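Enquirer: Sharing start.txt (compact mmCIF, N, CA and C atoms) below.
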# COMPACT_ATOMS: atom_id res chain seq x y z
N GLN A 1445 -5.61 -7.36 -13.27
CA GLN A 1445 -4.38 -7.83 -12.65
C GLN A 1445 -4.63 -8.14 -11.18
N VAL A 1446 -4.26 -9.35 -10.77
CA VAL A 1446 -4.46 -9.77 -9.39
C VAL A 1446 -3.40 -9.13 -8.50
N GLN A 1447 -3.85 -8.52 -7.42
CA GLN A 1447 -2.93 -7.92 -6.46
C GLN A 1447 -3.43 -8.08 -5.04
N LEU A 1448 -2.47 -8.28 -4.14
CA LEU A 1448 -2.72 -8.19 -2.70
C LEU A 1448 -1.74 -7.15 -2.19
N VAL A 1449 -2.24 -6.15 -1.50
CA VAL A 1449 -1.37 -5.07 -1.03
C VAL A 1449 -1.54 -4.91 0.47
N GLU A 1450 -0.43 -5.10 1.19
CA GLU A 1450 -0.44 -4.88 2.63
C GLU A 1450 -0.07 -3.44 2.94
N SER A 1451 -0.60 -2.94 4.04
CA SER A 1451 -0.26 -1.60 4.51
C SER A 1451 -0.46 -1.55 6.02
N GLY A 1452 0.03 -0.47 6.63
CA GLY A 1452 -0.18 -0.27 8.05
C GLY A 1452 1.02 -0.57 8.93
N GLY A 1453 2.10 -1.07 8.33
CA GLY A 1453 3.29 -1.33 9.11
C GLY A 1453 3.98 -0.05 9.53
N GLY A 1454 4.98 -0.20 10.39
CA GLY A 1454 5.73 0.97 10.84
C GLY A 1454 6.53 0.66 12.08
N LEU A 1455 7.01 1.73 12.70
CA LEU A 1455 7.79 1.64 13.93
C LEU A 1455 6.89 1.94 15.12
N VAL A 1456 6.90 1.06 16.12
CA VAL A 1456 6.07 1.25 17.30
C VAL A 1456 6.86 0.82 18.53
N GLN A 1457 6.56 1.44 19.66
CA GLN A 1457 7.24 1.08 20.91
C GLN A 1457 6.65 -0.20 21.48
N PRO A 1458 7.43 -0.91 22.26
CA PRO A 1458 6.89 -2.11 22.94
C PRO A 1458 5.63 -1.76 23.72
N GLY A 1459 4.64 -2.63 23.62
CA GLY A 1459 3.35 -2.38 24.26
C GLY A 1459 2.37 -1.63 23.38
N GLY A 1460 2.84 -1.14 22.26
CA GLY A 1460 1.97 -0.38 21.36
C GLY A 1460 1.14 -1.27 20.46
N SER A 1461 0.40 -0.61 19.56
CA SER A 1461 -0.52 -1.31 18.66
C SER A 1461 -0.34 -0.84 17.23
N LEU A 1462 -0.65 -1.73 16.31
CA LEU A 1462 -0.72 -1.42 14.89
C LEU A 1462 -1.86 -2.23 14.29
N ARG A 1463 -2.44 -1.71 13.21
CA ARG A 1463 -3.41 -2.47 12.45
C ARG A 1463 -2.93 -2.59 11.02
N LEU A 1464 -2.71 -3.81 10.59
CA LEU A 1464 -2.31 -4.07 9.22
C LEU A 1464 -3.55 -4.33 8.36
N SER A 1465 -3.48 -3.89 7.11
CA SER A 1465 -4.54 -4.14 6.15
C SER A 1465 -4.00 -4.92 4.97
N CYS A 1466 -4.84 -5.74 4.40
CA CYS A 1466 -4.50 -6.52 3.20
C CYS A 1466 -5.64 -6.34 2.22
N ALA A 1467 -5.41 -5.56 1.19
CA ALA A 1467 -6.45 -5.24 0.22
C ALA A 1467 -6.25 -6.04 -1.07
N GLY A 1468 -7.32 -6.67 -1.51
CA GLY A 1468 -7.26 -7.44 -2.74
C GLY A 1468 -7.87 -6.68 -3.90
N SER A 1469 -7.29 -6.89 -5.09
CA SER A 1469 -7.87 -6.32 -6.31
C SER A 1469 -7.65 -7.30 -7.45
N GLY A 1470 -8.54 -7.25 -8.42
CA GLY A 1470 -8.43 -8.15 -9.57
C GLY A 1470 -9.00 -9.54 -9.29
N PHE A 1471 -9.49 -9.76 -8.09
CA PHE A 1471 -10.14 -11.03 -7.74
C PHE A 1471 -11.02 -10.77 -6.53
N THR A 1472 -11.87 -11.74 -6.20
CA THR A 1472 -12.82 -11.57 -5.10
C THR A 1472 -12.23 -12.16 -3.83
N LEU A 1473 -11.57 -11.31 -3.06
CA LEU A 1473 -10.90 -11.77 -1.84
C LEU A 1473 -11.89 -12.43 -0.88
N SER A 1474 -13.15 -12.01 -0.93
CA SER A 1474 -14.14 -12.53 0.01
C SER A 1474 -14.40 -14.02 -0.16
N THR A 1475 -13.96 -14.61 -1.26
CA THR A 1475 -14.16 -16.05 -1.48
C THR A 1475 -12.92 -16.86 -1.13
N TYR A 1476 -11.91 -16.20 -0.57
CA TYR A 1476 -10.64 -16.84 -0.24
C TYR A 1476 -10.43 -16.88 1.27
N ALA A 1477 -9.97 -18.00 1.77
CA ALA A 1477 -9.40 -18.00 3.12
C ALA A 1477 -8.13 -17.15 3.06
N THR A 1478 -7.86 -16.42 4.13
CA THR A 1478 -6.72 -15.51 4.12
C THR A 1478 -5.87 -15.70 5.36
N LYS A 1479 -4.58 -15.63 5.17
CA LYS A 1479 -3.64 -15.87 6.26
C LYS A 1479 -2.63 -14.72 6.33
N TRP A 1480 -2.14 -14.48 7.53
CA TRP A 1480 -1.00 -13.59 7.73
C TRP A 1480 0.20 -14.43 8.14
N TYR A 1481 1.33 -14.13 7.54
CA TYR A 1481 2.61 -14.72 7.89
C TYR A 1481 3.57 -13.60 8.25
N ARG A 1482 4.68 -13.95 8.86
CA ARG A 1482 5.73 -12.97 9.11
C ARG A 1482 7.09 -13.63 8.98
N GLN A 1483 8.07 -12.80 8.65
CA GLN A 1483 9.43 -13.29 8.53
C GLN A 1483 10.38 -12.29 9.14
N ALA A 1484 11.06 -12.73 10.19
CA ALA A 1484 12.05 -11.90 10.86
C ALA A 1484 13.41 -12.12 10.20
N PRO A 1485 14.32 -11.17 10.33
CA PRO A 1485 15.64 -11.31 9.72
C PRO A 1485 16.34 -12.59 10.17
N GLY A 1486 16.82 -13.36 9.21
CA GLY A 1486 17.55 -14.58 9.53
C GLY A 1486 16.68 -15.75 9.94
N LYS A 1487 15.36 -15.58 9.87
CA LYS A 1487 14.46 -16.66 10.28
C LYS A 1487 13.54 -17.06 9.13
N GLU A 1488 12.95 -18.24 9.26
CA GLU A 1488 12.00 -18.70 8.26
C GLU A 1488 10.66 -17.97 8.42
N ARG A 1489 9.93 -17.92 7.32
CA ARG A 1489 8.60 -17.34 7.38
C ARG A 1489 7.71 -18.21 8.27
N GLU A 1490 6.93 -17.58 9.14
CA GLU A 1490 6.06 -18.32 10.03
C GLU A 1490 4.62 -17.83 9.92
N TRP A 1491 3.71 -18.77 10.08
CA TRP A 1491 2.29 -18.45 10.05
C TRP A 1491 1.90 -17.72 11.33
N VAL A 1492 1.03 -16.71 11.20
CA VAL A 1492 0.60 -15.91 12.34
C VAL A 1492 -0.88 -16.13 12.65
N ALA A 1493 -1.73 -16.02 11.61
CA ALA A 1493 -3.17 -16.10 11.84
C ALA A 1493 -3.87 -16.43 10.53
N SER A 1494 -5.08 -17.02 10.66
CA SER A 1494 -5.89 -17.37 9.49
C SER A 1494 -7.33 -16.99 9.74
N ILE A 1495 -8.04 -16.72 8.65
CA ILE A 1495 -9.47 -16.45 8.74
C ILE A 1495 -10.14 -17.10 7.53
N SER A 1496 -11.29 -17.71 7.76
CA SER A 1496 -12.03 -18.32 6.67
C SER A 1496 -12.64 -17.24 5.78
N SER A 1497 -13.15 -17.66 4.63
CA SER A 1497 -13.72 -16.69 3.69
C SER A 1497 -14.91 -15.95 4.29
N THR A 1498 -15.67 -16.63 5.13
CA THR A 1498 -16.83 -15.98 5.74
C THR A 1498 -16.47 -15.20 6.99
N GLY A 1499 -15.30 -15.46 7.52
CA GLY A 1499 -14.90 -14.82 8.78
C GLY A 1499 -15.36 -15.57 10.02
N ASN A 1500 -16.03 -16.69 9.82
CA ASN A 1500 -16.56 -17.42 10.96
C ASN A 1500 -15.51 -18.24 11.70
N SER A 1501 -14.43 -18.57 11.04
CA SER A 1501 -13.39 -19.38 11.65
C SER A 1501 -12.07 -18.61 11.66
N LYS A 1502 -11.45 -18.55 12.82
CA LYS A 1502 -10.19 -17.84 12.98
C LYS A 1502 -9.23 -18.71 13.80
N ASN A 1503 -7.97 -18.64 13.45
CA ASN A 1503 -6.96 -19.39 14.18
C ASN A 1503 -5.70 -18.53 14.32
N TYR A 1504 -4.97 -18.78 15.41
CA TYR A 1504 -3.80 -17.98 15.71
C TYR A 1504 -2.63 -18.84 16.15
N ALA A 1505 -1.43 -18.38 15.84
CA ALA A 1505 -0.24 -19.00 16.41
C ALA A 1505 -0.21 -18.74 17.91
N ASP A 1506 0.38 -19.67 18.64
CA ASP A 1506 0.43 -19.52 20.10
C ASP A 1506 1.12 -18.22 20.51
N SER A 1507 2.10 -17.81 19.74
CA SER A 1507 2.89 -16.63 20.10
C SER A 1507 2.11 -15.33 20.04
N VAL A 1508 0.97 -15.32 19.34
CA VAL A 1508 0.21 -14.08 19.20
C VAL A 1508 -1.19 -14.18 19.79
N THR A 1509 -1.60 -15.36 20.22
CA THR A 1509 -2.95 -15.54 20.78
C THR A 1509 -3.16 -14.61 21.97
N GLY A 1510 -4.30 -13.93 21.93
CA GLY A 1510 -4.63 -12.99 22.99
C GLY A 1510 -4.12 -11.58 22.74
N ARG A 1511 -3.24 -11.42 21.76
CA ARG A 1511 -2.71 -10.09 21.45
C ARG A 1511 -3.10 -9.62 20.04
N PHE A 1512 -3.20 -10.54 19.10
CA PHE A 1512 -3.54 -10.21 17.71
C PHE A 1512 -4.96 -10.67 17.40
N THR A 1513 -5.63 -9.92 16.53
CA THR A 1513 -6.97 -10.28 16.08
C THR A 1513 -7.05 -10.13 14.57
N ILE A 1514 -7.46 -11.20 13.90
CA ILE A 1514 -7.66 -11.15 12.45
C ILE A 1514 -9.14 -10.94 12.18
N SER A 1515 -9.43 -10.13 11.17
CA SER A 1515 -10.82 -9.85 10.80
C SER A 1515 -10.87 -9.53 9.31
N ARG A 1516 -12.08 -9.44 8.79
CA ARG A 1516 -12.21 -9.09 7.38
C ARG A 1516 -13.48 -8.29 7.15
N ASP A 1517 -13.42 -7.45 6.12
CA ASP A 1517 -14.57 -6.69 5.65
C ASP A 1517 -14.72 -7.05 4.18
N ASN A 1518 -15.58 -8.00 3.92
CA ASN A 1518 -15.71 -8.50 2.54
C ASN A 1518 -16.29 -7.46 1.59
N ALA A 1519 -17.03 -6.52 2.12
CA ALA A 1519 -17.54 -5.44 1.27
C ALA A 1519 -16.40 -4.57 0.74
N LYS A 1520 -15.31 -4.51 1.50
CA LYS A 1520 -14.15 -3.71 1.11
C LYS A 1520 -13.03 -4.57 0.53
N ASN A 1521 -13.27 -5.88 0.41
CA ASN A 1521 -12.25 -6.78 -0.12
C ASN A 1521 -10.94 -6.66 0.65
N THR A 1522 -11.06 -6.58 1.97
CA THR A 1522 -9.90 -6.31 2.82
C THR A 1522 -9.90 -7.21 4.05
N VAL A 1523 -8.70 -7.64 4.42
CA VAL A 1523 -8.48 -8.41 5.65
C VAL A 1523 -7.56 -7.60 6.54
N TYR A 1524 -7.79 -7.66 7.85
CA TYR A 1524 -7.03 -6.87 8.81
C TYR A 1524 -6.32 -7.76 9.82
N LEU A 1525 -5.26 -7.21 10.39
CA LEU A 1525 -4.61 -7.84 11.53
C LEU A 1525 -4.37 -6.76 12.57
N GLN A 1526 -5.17 -6.79 13.62
CA GLN A 1526 -4.99 -5.86 14.73
C GLN A 1526 -3.97 -6.45 15.68
N MET A 1527 -2.90 -5.70 15.93
CA MET A 1527 -1.81 -6.19 16.77
C MET A 1527 -1.67 -5.30 17.99
N ASN A 1528 -1.92 -5.86 19.15
CA ASN A 1528 -1.82 -5.13 20.41
C ASN A 1528 -0.70 -5.70 21.27
N SER A 1529 -0.30 -4.96 22.28
CA SER A 1529 0.74 -5.40 23.21
C SER A 1529 1.97 -5.92 22.45
N LEU A 1530 2.41 -5.14 21.50
CA LEU A 1530 3.50 -5.59 20.64
C LEU A 1530 4.80 -5.73 21.42
N LYS A 1531 5.59 -6.72 21.01
CA LYS A 1531 6.86 -7.03 21.64
C LYS A 1531 7.98 -6.91 20.61
N PRO A 1532 9.21 -6.70 21.05
CA PRO A 1532 10.31 -6.63 20.08
C PRO A 1532 10.39 -7.88 19.19
N GLU A 1533 10.03 -9.02 19.73
CA GLU A 1533 10.09 -10.25 18.93
C GLU A 1533 8.99 -10.33 17.86
N ASP A 1534 8.08 -9.37 17.84
CA ASP A 1534 7.10 -9.30 16.76
C ASP A 1534 7.67 -8.57 15.53
N THR A 1535 8.85 -8.03 15.66
CA THR A 1535 9.48 -7.33 14.54
C THR A 1535 9.70 -8.30 13.38
N ALA A 1536 9.17 -7.94 12.22
CA ALA A 1536 9.25 -8.80 11.04
C ALA A 1536 8.60 -8.10 9.86
N VAL A 1537 8.77 -8.68 8.69
CA VAL A 1537 7.96 -8.30 7.54
C VAL A 1537 6.72 -9.18 7.57
N TYR A 1538 5.56 -8.56 7.51
CA TYR A 1538 4.30 -9.27 7.57
C TYR A 1538 3.71 -9.38 6.16
N TYR A 1539 3.29 -10.61 5.83
CA TYR A 1539 2.77 -10.92 4.51
C TYR A 1539 1.33 -11.43 4.60
N CYS A 1540 0.56 -11.07 3.61
CA CYS A 1540 -0.81 -11.55 3.48
C CYS A 1540 -0.84 -12.62 2.38
N ASN A 1541 -1.63 -13.68 2.62
CA ASN A 1541 -1.73 -14.78 1.67
C ASN A 1541 -3.19 -15.17 1.51
N ALA A 1542 -3.70 -15.11 0.30
CA ALA A 1542 -5.09 -15.50 0.00
C ALA A 1542 -5.06 -16.81 -0.77
N VAL A 1543 -5.82 -17.79 -0.26
CA VAL A 1543 -5.75 -19.14 -0.84
C VAL A 1543 -7.15 -19.69 -1.09
N LYS A 1544 -7.35 -20.23 -2.29
CA LYS A 1544 -8.57 -20.97 -2.59
C LYS A 1544 -8.22 -22.37 -3.10
N SER A 1545 -7.11 -22.46 -3.83
CA SER A 1545 -6.64 -23.73 -4.37
C SER A 1545 -5.16 -23.57 -4.69
N GLN A 1546 -4.55 -24.63 -5.23
CA GLN A 1546 -3.13 -24.52 -5.59
C GLN A 1546 -2.92 -23.45 -6.65
N LEU A 1547 -3.86 -23.32 -7.56
CA LEU A 1547 -3.72 -22.32 -8.63
C LEU A 1547 -4.12 -20.93 -8.15
N ASN A 1548 -5.04 -20.86 -7.25
CA ASN A 1548 -5.52 -19.58 -6.74
C ASN A 1548 -4.90 -19.33 -5.37
N ASN A 1549 -3.64 -18.88 -5.40
CA ASN A 1549 -2.85 -18.71 -4.18
C ASN A 1549 -2.01 -17.45 -4.39
N TYR A 1550 -2.36 -16.38 -3.70
CA TYR A 1550 -1.74 -15.09 -3.94
C TYR A 1550 -1.06 -14.56 -2.69
N TRP A 1551 0.06 -13.86 -2.91
CA TRP A 1551 0.83 -13.25 -1.83
C TRP A 1551 0.99 -11.76 -2.07
N GLY A 1552 1.01 -11.01 -0.98
CA GLY A 1552 1.34 -9.61 -1.07
C GLY A 1552 2.84 -9.40 -1.00
N GLN A 1553 3.26 -8.15 -1.07
CA GLN A 1553 4.69 -7.81 -1.09
C GLN A 1553 5.27 -7.64 0.31
N GLY A 1554 4.41 -7.57 1.30
CA GLY A 1554 4.87 -7.45 2.68
C GLY A 1554 4.90 -6.03 3.19
N THR A 1555 4.78 -5.90 4.50
CA THR A 1555 4.89 -4.60 5.17
C THR A 1555 5.74 -4.78 6.43
N GLN A 1556 6.66 -3.86 6.64
CA GLN A 1556 7.60 -3.98 7.76
C GLN A 1556 6.97 -3.49 9.06
N VAL A 1557 7.10 -4.31 10.08
CA VAL A 1557 6.71 -3.93 11.44
C VAL A 1557 7.96 -3.98 12.31
N THR A 1558 8.27 -2.87 12.96
CA THR A 1558 9.43 -2.80 13.85
C THR A 1558 8.96 -2.35 15.23
N VAL A 1559 9.26 -3.19 16.22
CA VAL A 1559 8.88 -2.88 17.60
C VAL A 1559 10.17 -2.59 18.38
N SER A 1560 10.33 -1.33 18.74
CA SER A 1560 11.58 -0.93 19.38
C SER A 1560 11.38 0.35 20.15
N SER A 1561 12.11 0.49 21.24
CA SER A 1561 12.07 1.72 22.01
C SER A 1561 13.17 2.66 21.55
Starting from the file, lay out its structure as structure tokens.
Expert:
Amino acid sequence: QVQLVESGGGLVQPGGSLRLSCAGSGFTLSTYATKWYRQAPGKEREWVASISSTGNSKNYADSVTGRFTISRDNAKNTVYLQMNSLKPEDTAVYYCNAVKSQLNNYWGQGTQVTVSS
């Protein structure tokens, strides 16, 4: 059974850090480009960051550049999102998306990140 499972979300104060994990099972995540998206209440889902299957290419939304870092450990079939200097506007449900083709396109269930004092 193909699964993507996000973890690591929670409540953090402004300026704090969290590391999200996206673990794949039932397929070889290391052969998929992987993206993080987020969706805040009342807003559309937005792209946050992407990483190629090898990890050699990374891209970030302007809103998180310099604060978030995407990485992967292919031996563990896991992709990470290190989030530093968090702001209240980073509050959202964060989703992991693994893509190889139109048919091979998987989403996780999401993990809640809340930035509040």
Enquirer: For a test of reading the model, state the distance in Å between atom N of Gln1445 of chain A and atom N of Ala1477 of chain A, rounded to one decimal.
Expert: 18.9 Å
Enquirer: How close does each residue of segment 1496-1561 of chain A get to segment 1455-1472 of chain A, giving the shortest atom pair and distance in Å to one decimal for every residue with an atom at most 9 Å away, counting only C-alpha atoms, sorted by chain and residue number, as a Markdown table?
Expert:
| residue | atom | partner | partner_atom | distance |
| --- | --- | --- | --- | --- |
| A:Asn1518 | CA | A:Thr1472 | CA | 8.7 |
| A:Lys1520 | CA | A:Ala1467 | CA | 7.9 |
| A:Asn1521 | CA | A:Gly1468 | CA | 5.7 |
| A:Thr1522 | CA | A:Ala1467 | CA | 4.5 |
| A:Val1523 | CA | A:Cys1466 | CA | 5.0 |
| A:Tyr1524 | CA | A:Ser1465 | CA | 4.6 |
| A:Leu1525 | CA | A:Leu1464 | CA | 5.0 |
| A:Gln1526 | CA | A:Arg1463 | CA | 4.4 |
| A:Met1527 | CA | A:Leu1462 | CA | 5.2 |
| A:Asn1528 | CA | A:Ser1461 | CA | 4.4 |
| A:Ser1529 | CA | A:Gly1459 | CA | 4.1 |
| A:Leu1530 | CA | A:Gly1459 | CA | 4.8 |
| A:Lys1531 | CA | A:Pro1458 | CA | 5.1 |
| A:Pro1532 | CA | A:Pro1458 | CA | 6.3 |
| A:Tyr1538 | CA | A:Leu1464 | CA | 8.6 |
| A:Tyr1539 | CA | A:Cys1466 | CA | 8.6 |
| A:Cys1540 | CA | A:Cys1466 | CA | 6.2 |
| A:Asn1541 | CA | A:Cys1466 | CA | 8.8 |
| A:Ala1542 | CA | A:Gly1468 | CA | 8.8 |
| A:Gly1552 | CA | A:Cys1466 | CA | 7.9 |
| A:Thr1555 | CA | A:Leu1464 | CA | 8.3 |
| A:Gln1556 | CA | A:Leu1455 | CA | 8.3 |
| A:Val1557 | CA | A:Leu1455 | CA | 6.2 |
| A:Thr1558 | CA | A:Leu1455 | CA | 4.7 |
| A:Val1559 | CA | A:Val1456 | CA | 5.0 |
| A:Ser1560 | CA | A:Gln1457 | CA | 5.0 |
| A:Ser1561 | CA | A:Gln1457 | CA | 5.0 |
Enquirer: Hey, can you check how far atom N of Ile1495 of chain A sits from atom N of Gly1554 of chain A?
Expert: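 Atom N of Ile1495 of chain A sits 17.1 Å away from atom N of Gly1554 of chain A.
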Enquirer: Using all atoms listed in the file for the distances, tell me which of A:Glu1450, A:Thr1498, A:Val1537, A:Asn1503 is nearest to Ala1484 of chain A.
Expert: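 Among the listed residues, the smallest separation from Ala1484 of chain A belongs to A:Val1537.
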Enquirer: Enter the distance from atom C of Gln1447 of chain A to atom N of Ala1536 of chain A, in Å, rounded to one decimal.
Expert: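 Between these atoms lies a distance of 21.4 Å.
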Enquirer: Restricting the calculation to only C-alpha atoms: of A:Val1446, A:Lys1544, A:Trp1491, A:Ala1519, which residue gets closest to Ser1507 of chain A?
Expert: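 Counting only C-alpha atoms, the residue closest to Ser1507 of chain A is A:Trp1491.
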Enquirer: Which of chain A counts as helix (DSSP H, G or I) under DSSP, as a list in words please?
Expert: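 Result set for chain A (helix (DSSP H, G or I)): Leu1473, Ser1474, Thr1475, Asn1518, Ala1519, Lys1520, Pro1532, Glu1533 and Asp1534 of chain A.
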Enquirer: Apply DSSP to the structure's backbone, then extract all residues of segment 1461-1540 of chain A labelled strand (DSSP E or B) and return them as a PyMOL selection string.
Expert: chain A and resi 1462-1469+1477-1483+1490-1495+1502-1504+1512-1517+1522-1527+1536-1540
Enquirer: Which is closer to Asp1517 of chain A than all the others in A:Gly1499, A:Gly1452, A:Val1492, A:Thr1478, using only C-alpha atoms?
Expert: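 Nearest candidate to Asp1517 of chain A out of A:Gly1499, A:Gly1452, A:Val1492, A:Thr1478: A:Gly1499.
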Enquirer: Using the partial input, fill out segment 1463-1472 of chain A with all heavy atoms; write the result as a short mmCIF file (atom, residue, chain, number, x, y, z; two decimals), in the frame of the given file.
Expert:
data_model
loop_
_atom_site.label_atom_id
_atom_site.label_comp_id
_atom_site.auth_asym_id
_atom_site.auth_seq_id
_atom_site.Cartn_x
_atom_site.Cartn_y
_atom_site.Cartn_z
N ARG A 1463 -2.44 -1.71 13.21
CA ARG A 1463 -3.41 -2.47 12.45
C ARG A 1463 -2.93 -2.59 11.02
O ARG A 1463 -2.77 -1.58 10.32
CB ARG A 1463 -4.80 -1.84 12.48
CG ARG A 1463 -5.85 -2.77 11.85
CD ARG A 1463 -7.25 -2.22 11.92
NE ARG A 1463 -7.52 -1.23 10.89
CZ ARG A 1463 -8.74 -0.96 10.43
NH1 ARG A 1463 -9.79 -1.61 10.90
NH2 ARG A 1463 -8.90 -0.03 9.49
N LEU A 1464 -2.71 -3.81 10.59
CA LEU A 1464 -2.31 -4.07 9.22
C LEU A 1464 -3.55 -4.33 8.36
O LEU A 1464 -4.53 -4.90 8.83
CB LEU A 1464 -1.39 -5.29 9.15
CG LEU A 1464 -0.14 -5.27 10.02
CD1 LEU A 1464 0.70 -6.52 9.75
CD2 LEU A 1464 0.66 -4.02 9.80
N SER A 1465 -3.48 -3.89 7.11
CA SER A 1465 -4.54 -4.14 6.15
C SER A 1465 -4.00 -4.92 4.97
O SER A 1465 -2.83 -4.74 4.59
CB SER A 1465 -5.13 -2.81 5.66
OG SER A 1465 -5.71 -2.08 6.70
N CYS A 1466 -4.84 -5.74 4.40
CA CYS A 1466 -4.50 -6.52 3.20
C CYS A 1466 -5.64 -6.34 2.22
O CYS A 1466 -6.74 -6.87 2.44
CB CYS A 1466 -4.31 -7.98 3.57
SG CYS A 1466 -4.18 -9.11 2.16
N ALA A 1467 -5.41 -5.56 1.19
CA ALA A 1467 -6.45 -5.24 0.22
C ALA A 1467 -6.25 -6.04 -1.07
O ALA A 1467 -5.16 -6.06 -1.63
CB ALA A 1467 -6.43 -3.75 -0.09
N GLY A 1468 -7.32 -6.67 -1.51
CA GLY A 1468 -7.26 -7.44 -2.74
C GLY A 1468 -7.87 -6.68 -3.90
O GLY A 1468 -8.83 -5.94 -3.73
N SER A 1469 -7.29 -6.89 -5.09
CA SER A 1469 -7.87 -6.32 -6.31
C SER A 1469 -7.65 -7.30 -7.45
O SER A 1469 -6.70 -8.09 -7.44
CB SER A 1469 -7.23 -4.96 -6.63
OG SER A 1469 -5.84 -5.10 -6.84
N GLY A 1470 -8.54 -7.25 -8.42
CA GLY A 1470 -8.43 -8.15 -9.57
C GLY A 1470 -9.00 -9.54 -9.29
O GLY A 1470 -8.97 -10.39 -10.18
N PHE A 1471 -9.49 -9.76 -8.09
CA PHE A 1471 -10.14 -11.03 -7.74
C PHE A 1471 -11.02 -10.77 -6.53
O PHE A 1471 -10.92 -9.73 -5.88
CB PHE A 1471 -9.12 -12.13 -7.46
CG PHE A 1471 -8.35 -11.98 -6.17
CD1 PHE A 1471 -8.59 -12.81 -5.10
CD2 PHE A 1471 -7.36 -11.01 -6.03
CE1 PHE A 1471 -7.89 -12.69 -3.92
CE2 PHE A 1471 -6.64 -10.86 -4.86
CZ PHE A 1471 -6.91 -11.70 -3.80
N THR A 1472 -11.87 -11.74 -6.20
CA THR A 1472 -12.82 -11.57 -5.10
C THR A 1472 -12.23 -12.16 -3.83
O THR A 1472 -12.38 -13.35 -3.55
CB THR A 1472 -14.16 -12.24 -5.45
OG1 THR A 1472 -14.61 -11.76 -6.72
CG2 THR A 1472 -15.20 -11.89 -4.39
#
